[in-house]
Amino acid sequence: MKKHLLLLSGLLACTLSWAEIKVVYHLSEGIPQASRAIGNIRNHLAADPTAKIVVVTHGLGIDFLINGATNQMDQPFAGGVADLVNKGVEFRVCNNTLVSRKISPDKLLMEAKVVPSGVSEVAKLQANEKFVYLRP
């Protein structure tokens, strides 16, 4: 019986170590934070290509997902966002922010998905889907 328990605990430990890492990057501060996040996410995926990454934005954090947005060096975000989406990253934008700032969803990059509330999306991912929280 003891051998079976040891075998089962070893299998459980291996299974847990192979579990998919799920991370929510929370952006609400604007272009400089988005630039940091894009770099962090690239580094994250280089170290762990299997990580499931969702970027949730609200407030000024949505600005980099607006068509034509550029970083501090006047480089467009669109290519970097598309590249990350091709690697499985999801970008979610707060509808409350769009409404309060009077921004039409059709002004967003096509890769962005609108969710009812950015803050509730972060909470849902953490509580219900066991995502780790990161704020670059």
# chains A, B, ... in the order shown; residues from 1 in each chain; ligands from 1
>>> residues_around(residues="Ser120 in chain A", least_positions_apart="4", cutoff="12 Å", atoms="only C-alpha atoms", output="PyMOL selection string")
chain A and resi 26+56-58+92-96+115-116+124-128
>>> write_last_selection(atoms="N, CA, C and O atoms", output="PDB file, in the first residue's frame")
ATOM      1  N   HIS A  26      -2.198  42.775 -16.619  1.00  0.00           N
ATOM      2  CA  HIS A  26      -3.211  43.812 -16.376  1.00  0.00           C
ATOM      3  C   HIS A  26      -2.624  45.180 -16.728  1.00  0.00           C
ATOM      4  O   HIS A  26      -1.669  45.629 -16.107  1.00  0.00           O
ATOM      5  N   VAL A  56      -5.353  42.012 -20.286  1.00  0.00           N
ATOM      6  CA  VAL A  56      -6.622  42.705 -20.042  1.00  0.00           C
ATOM      7  C   VAL A  56      -6.323  44.182 -19.849  1.00  0.00           C
ATOM      8  O   VAL A  56      -5.453  44.556 -19.057  1.00  0.00           O
ATOM      9  N   THR A  57      -7.053  45.018 -20.605  1.00  0.00           N
ATOM     10  CA  THR A  57      -6.804  46.457 -20.572  1.00  0.00           C
ATOM     11  C   THR A  57      -8.063  47.226 -20.196  1.00  0.00           C
ATOM     12  O   THR A  57      -9.172  46.814 -20.507  1.00  0.00           O
ATOM     13  N   HIS A  58      -7.836  48.342 -19.509  1.00  0.00           N
ATOM     14  CA  HIS A  58      -8.910  49.301 -19.235  1.00  0.00           C
ATOM     15  C   HIS A  58      -8.273  50.660 -18.996  1.00  0.00           C
ATOM     16  O   HIS A  58      -7.051  50.782 -18.909  1.00  0.00           O
ATOM     17  N   ARG A  92      -7.714  41.699 -24.432  1.00  0.00           N
ATOM     18  CA  ARG A  92      -9.093  42.009 -24.092  1.00  0.00           C
ATOM     19  C   ARG A  92      -9.210  43.461 -23.636  1.00  0.00           C
ATOM     20  O   ARG A  92      -8.394  43.933 -22.843  1.00  0.00           O
ATOM     21  N   VAL A  93     -10.243  44.136 -24.139  1.00  0.00           N
ATOM     22  CA  VAL A  93     -10.438  45.565 -23.893  1.00  0.00           C
ATOM     23  C   VAL A  93     -11.753  45.775 -23.148  1.00  0.00           C
ATOM     24  O   VAL A  93     -12.788  45.201 -23.509  1.00  0.00           O
ATOM     25  N   CYS A  94     -11.722  46.645 -22.164  1.00  0.00           N
ATOM     26  CA  CYS A  94     -12.883  46.962 -21.329  1.00  0.00           C
ATOM     27  C   CYS A  94     -13.908  47.802 -22.097  1.00  0.00           C
ATOM     28  O   CYS A  94     -13.603  48.907 -22.553  1.00  0.00           O
ATOM     29  N   ASN A  95     -15.124  47.288 -22.200  1.00  0.00           N
ATOM     30  CA  ASN A  95     -16.195  48.047 -22.852  1.00  0.00           C
ATOM     31  C   ASN A  95     -16.571  49.288 -22.044  1.00  0.00           C
ATOM     32  O   ASN A  95     -16.901  50.326 -22.622  1.00  0.00           O
ATOM     33  N   ASN A  96     -16.514  49.204 -20.720  1.00  0.00           N
ATOM     34  CA  ASN A  96     -16.821  50.382 -19.894  1.00  0.00           C
ATOM     35  C   ASN A  96     -15.909  51.547 -20.261  1.00  0.00           C
ATOM     36  O   ASN A  96     -16.343  52.695 -20.327  1.00  0.00           O
ATOM     37  N   VAL A 115     -14.557  43.062 -23.842  1.00  0.00           N
ATOM     38  CA  VAL A 115     -15.229  42.384 -22.730  1.00  0.00           C
ATOM     39  C   VAL A 115     -16.018  43.429 -21.947  1.00  0.00           C
ATOM     40  O   VAL A 115     -15.699  44.616 -22.002  1.00  0.00           O
ATOM     41  N   PRO A 116     -17.060  43.028 -21.240  1.00  0.00           N
ATOM     42  CA  PRO A 116     -17.896  44.013 -20.546  1.00  0.00           C
ATOM     43  C   PRO A 116     -17.134  44.923 -19.583  1.00  0.00           C
ATOM     44  O   PRO A 116     -17.355  46.128 -19.552  1.00  0.00           O
ATOM     45  N   LYS A 124     -12.247  37.516 -12.740  1.00  0.00           N
ATOM     46  CA  LYS A 124     -12.757  36.224 -13.213  1.00  0.00           C
ATOM     47  C   LYS A 124     -11.609  35.292 -13.579  1.00  0.00           C
ATOM     48  O   LYS A 124     -11.607  34.112 -13.206  1.00  0.00           O
ATOM     49  N   LEU A 125     -10.623  35.804 -14.297  1.00  0.00           N
ATOM     50  CA  LEU A 125      -9.485  34.975 -14.692  1.00  0.00           C
ATOM     51  C   LEU A 125      -8.719  34.466 -13.478  1.00  0.00           C
ATOM     52  O   LEU A 125      -8.292  33.309 -13.440  1.00  0.00           O
ATOM     53  N   GLN A 126      -8.561  35.328 -12.477  1.00  0.00           N
ATOM     54  CA  GLN A 126      -7.837  34.917 -11.272  1.00  0.00           C
ATOM     55  C   GLN A 126      -8.648  33.923 -10.442  1.00  0.00           C
ATOM     56  O   GLN A 126      -8.134  32.884 -10.052  1.00  0.00           O
ATOM     57  N   ALA A 127      -9.899  34.247 -10.168  1.00  0.00           N
ATOM     58  CA  ALA A 127     -10.698  33.438  -9.252  1.00  0.00           C
ATOM     59  C   ALA A 127     -11.214  32.146  -9.885  1.00  0.00           C
ATOM     60  O   ALA A 127     -11.125  31.081  -9.269  1.00  0.00           O
ATOM     61  N   ASN A 128     -11.732  32.232 -11.084  1.00  0.00           N
ATOM     62  CA  ASN A 128     -12.389  31.078 -11.689  1.00  0.00           C
ATOM     63  C   ASN A 128     -11.482  30.241 -12.571  1.00  0.00           C
ATOM     64  O   ASN A 128     -11.697  29.043 -12.717  1.00  0.00           O
TER      65      ASN A 128
END
>>> closest_atom_pairs(of="range 63-119 of chain A", to="range 30-47 of chain A", cutoff="9 Å", atoms="only C-alpha atoms", output="JSON lines")
{"residue": "A:Asp63", "atom": "CA", "partner": "A:Gly30", "partner_atom": "CA", "distance": 6.1}
{"residue": "A:Phe64", "atom": "CA", "partner": "A:Ile31", "partner_atom": "CA", "distance": 6.0}
{"residue": "A:Ala69", "atom": "CA", "partner": "A:Ile31", "partner_atom": "CA", "distance": 8.7}
{"residue": "A:Thr70", "atom": "CA", "partner": "A:Ile31", "partner_atom": "CA", "distance": 8.0}
{"residue": "A:Asn71", "atom": "CA", "partner": "A:Ile31", "partner_atom": "CA", "distance": 6.2}
{"residue": "A:Gln72", "atom": "CA", "partner": "A:Pro32", "partner_atom": "CA", "distance": 7.2}
{"residue": "A:Phe77", "atom": "CA", "partner": "A:Ser35", "partner_atom": "CA", "distance": 8.5}
{"residue": "A:Gly80", "atom": "CA", "partner": "A:Ile38", "partner_atom": "CA", "distance": 7.4}
{"residue": "A:Val81", "atom": "CA", "partner": "A:Ile38", "partner_atom": "CA", "distance": 7.9}
{"residue": "A:Leu84", "atom": "CA", "partner": "A:Arg42", "partner_atom": "CA", "distance": 7.6}
{"residue": "A:Lys87", "atom": "CA", "partner": "A:Leu45", "partner_atom": "CA", "distance": 8.3}
{"residue": "A:Val89", "atom": "CA", "partner": "A:Ile41", "partner_atom": "CA", "distance": 8.7}
>>> closest_residue(among="A:Phe131, A:Pro136, A:Leu27, A:Val55", to="Gly88 in chain A", atoms="only C-alpha atoms")
A:Val55
>>> residues_around(residues="range 103-107 of chain A", least_positions_apart="4", cutoff="10 Å", atoms="only C-alpha atoms", output="number ranges by chain")
A: 65-68, 93, 95, 97-99, 112-114
>>> residues_around(residues="Leu134 in chain A", least_positions_apart="5", cutoff="9 Å", atoms="only C-alpha atoms", output="PDB file with N, CA and C atoms, in the first residue's frame")
ATOM      1  N   VAL A  23      -1.401  33.201 -17.268  1.00  0.00           N
ATOM      2  CA  VAL A  23      -1.040  34.504 -16.726  1.00  0.00           C
ATOM      3  C   VAL A  23      -1.932  35.582 -17.322  1.00  0.00           C
ATOM      4  N   VAL A  24      -2.423  36.475 -16.460  1.00  0.00           N
ATOM      5  CA  VAL A  24      -3.134  37.658 -16.939  1.00  0.00           C
ATOM      6  C   VAL A  24      -2.230  38.866 -16.693  1.00  0.00           C
ATOM      7  N   TYR A  25      -1.919  39.566 -17.766  1.00  0.00           N
ATOM      8  CA  TYR A  25      -1.193  40.839 -17.681  1.00  0.00           C
ATOM      9  C   TYR A  25      -2.246  41.939 -17.640  1.00  0.00           C
ATOM     10  N   HIS A  26      -2.198  42.775 -16.619  1.00  0.00           N
ATOM     11  CA  HIS A  26      -3.211  43.812 -16.376  1.00  0.00           C
ATOM     12  C   HIS A  26      -2.624  45.180 -16.728  1.00  0.00           C
TER      13      HIS A  26
END
>>> select_by_dssp(residues="chain A", states="strand (DSSP E)", output="NGL selection string")
:A and (22-27 or 52-57 or 90-94 or 112-115 or 132-134)
>>> closest_residue(among="A:Ser117, A:Lys52, A:Leu60, A:Phe91", to="Ala78 in chain A", atoms="only C-alpha atoms")
A:Phe91
>>> select_by_dssp(residues="range 1-119 of chain A", states="alpha helix (DSSP H)", output="PyMOL selection string")
chain A and resi 2-17+31-47+78-86+95-100+118-119
>>> closest_residue(among="A:Gly59, A:Lys130, A:Arg101, A:Val54", to="Val85 in chain A", atoms="only C-alpha atoms")
A:Val54
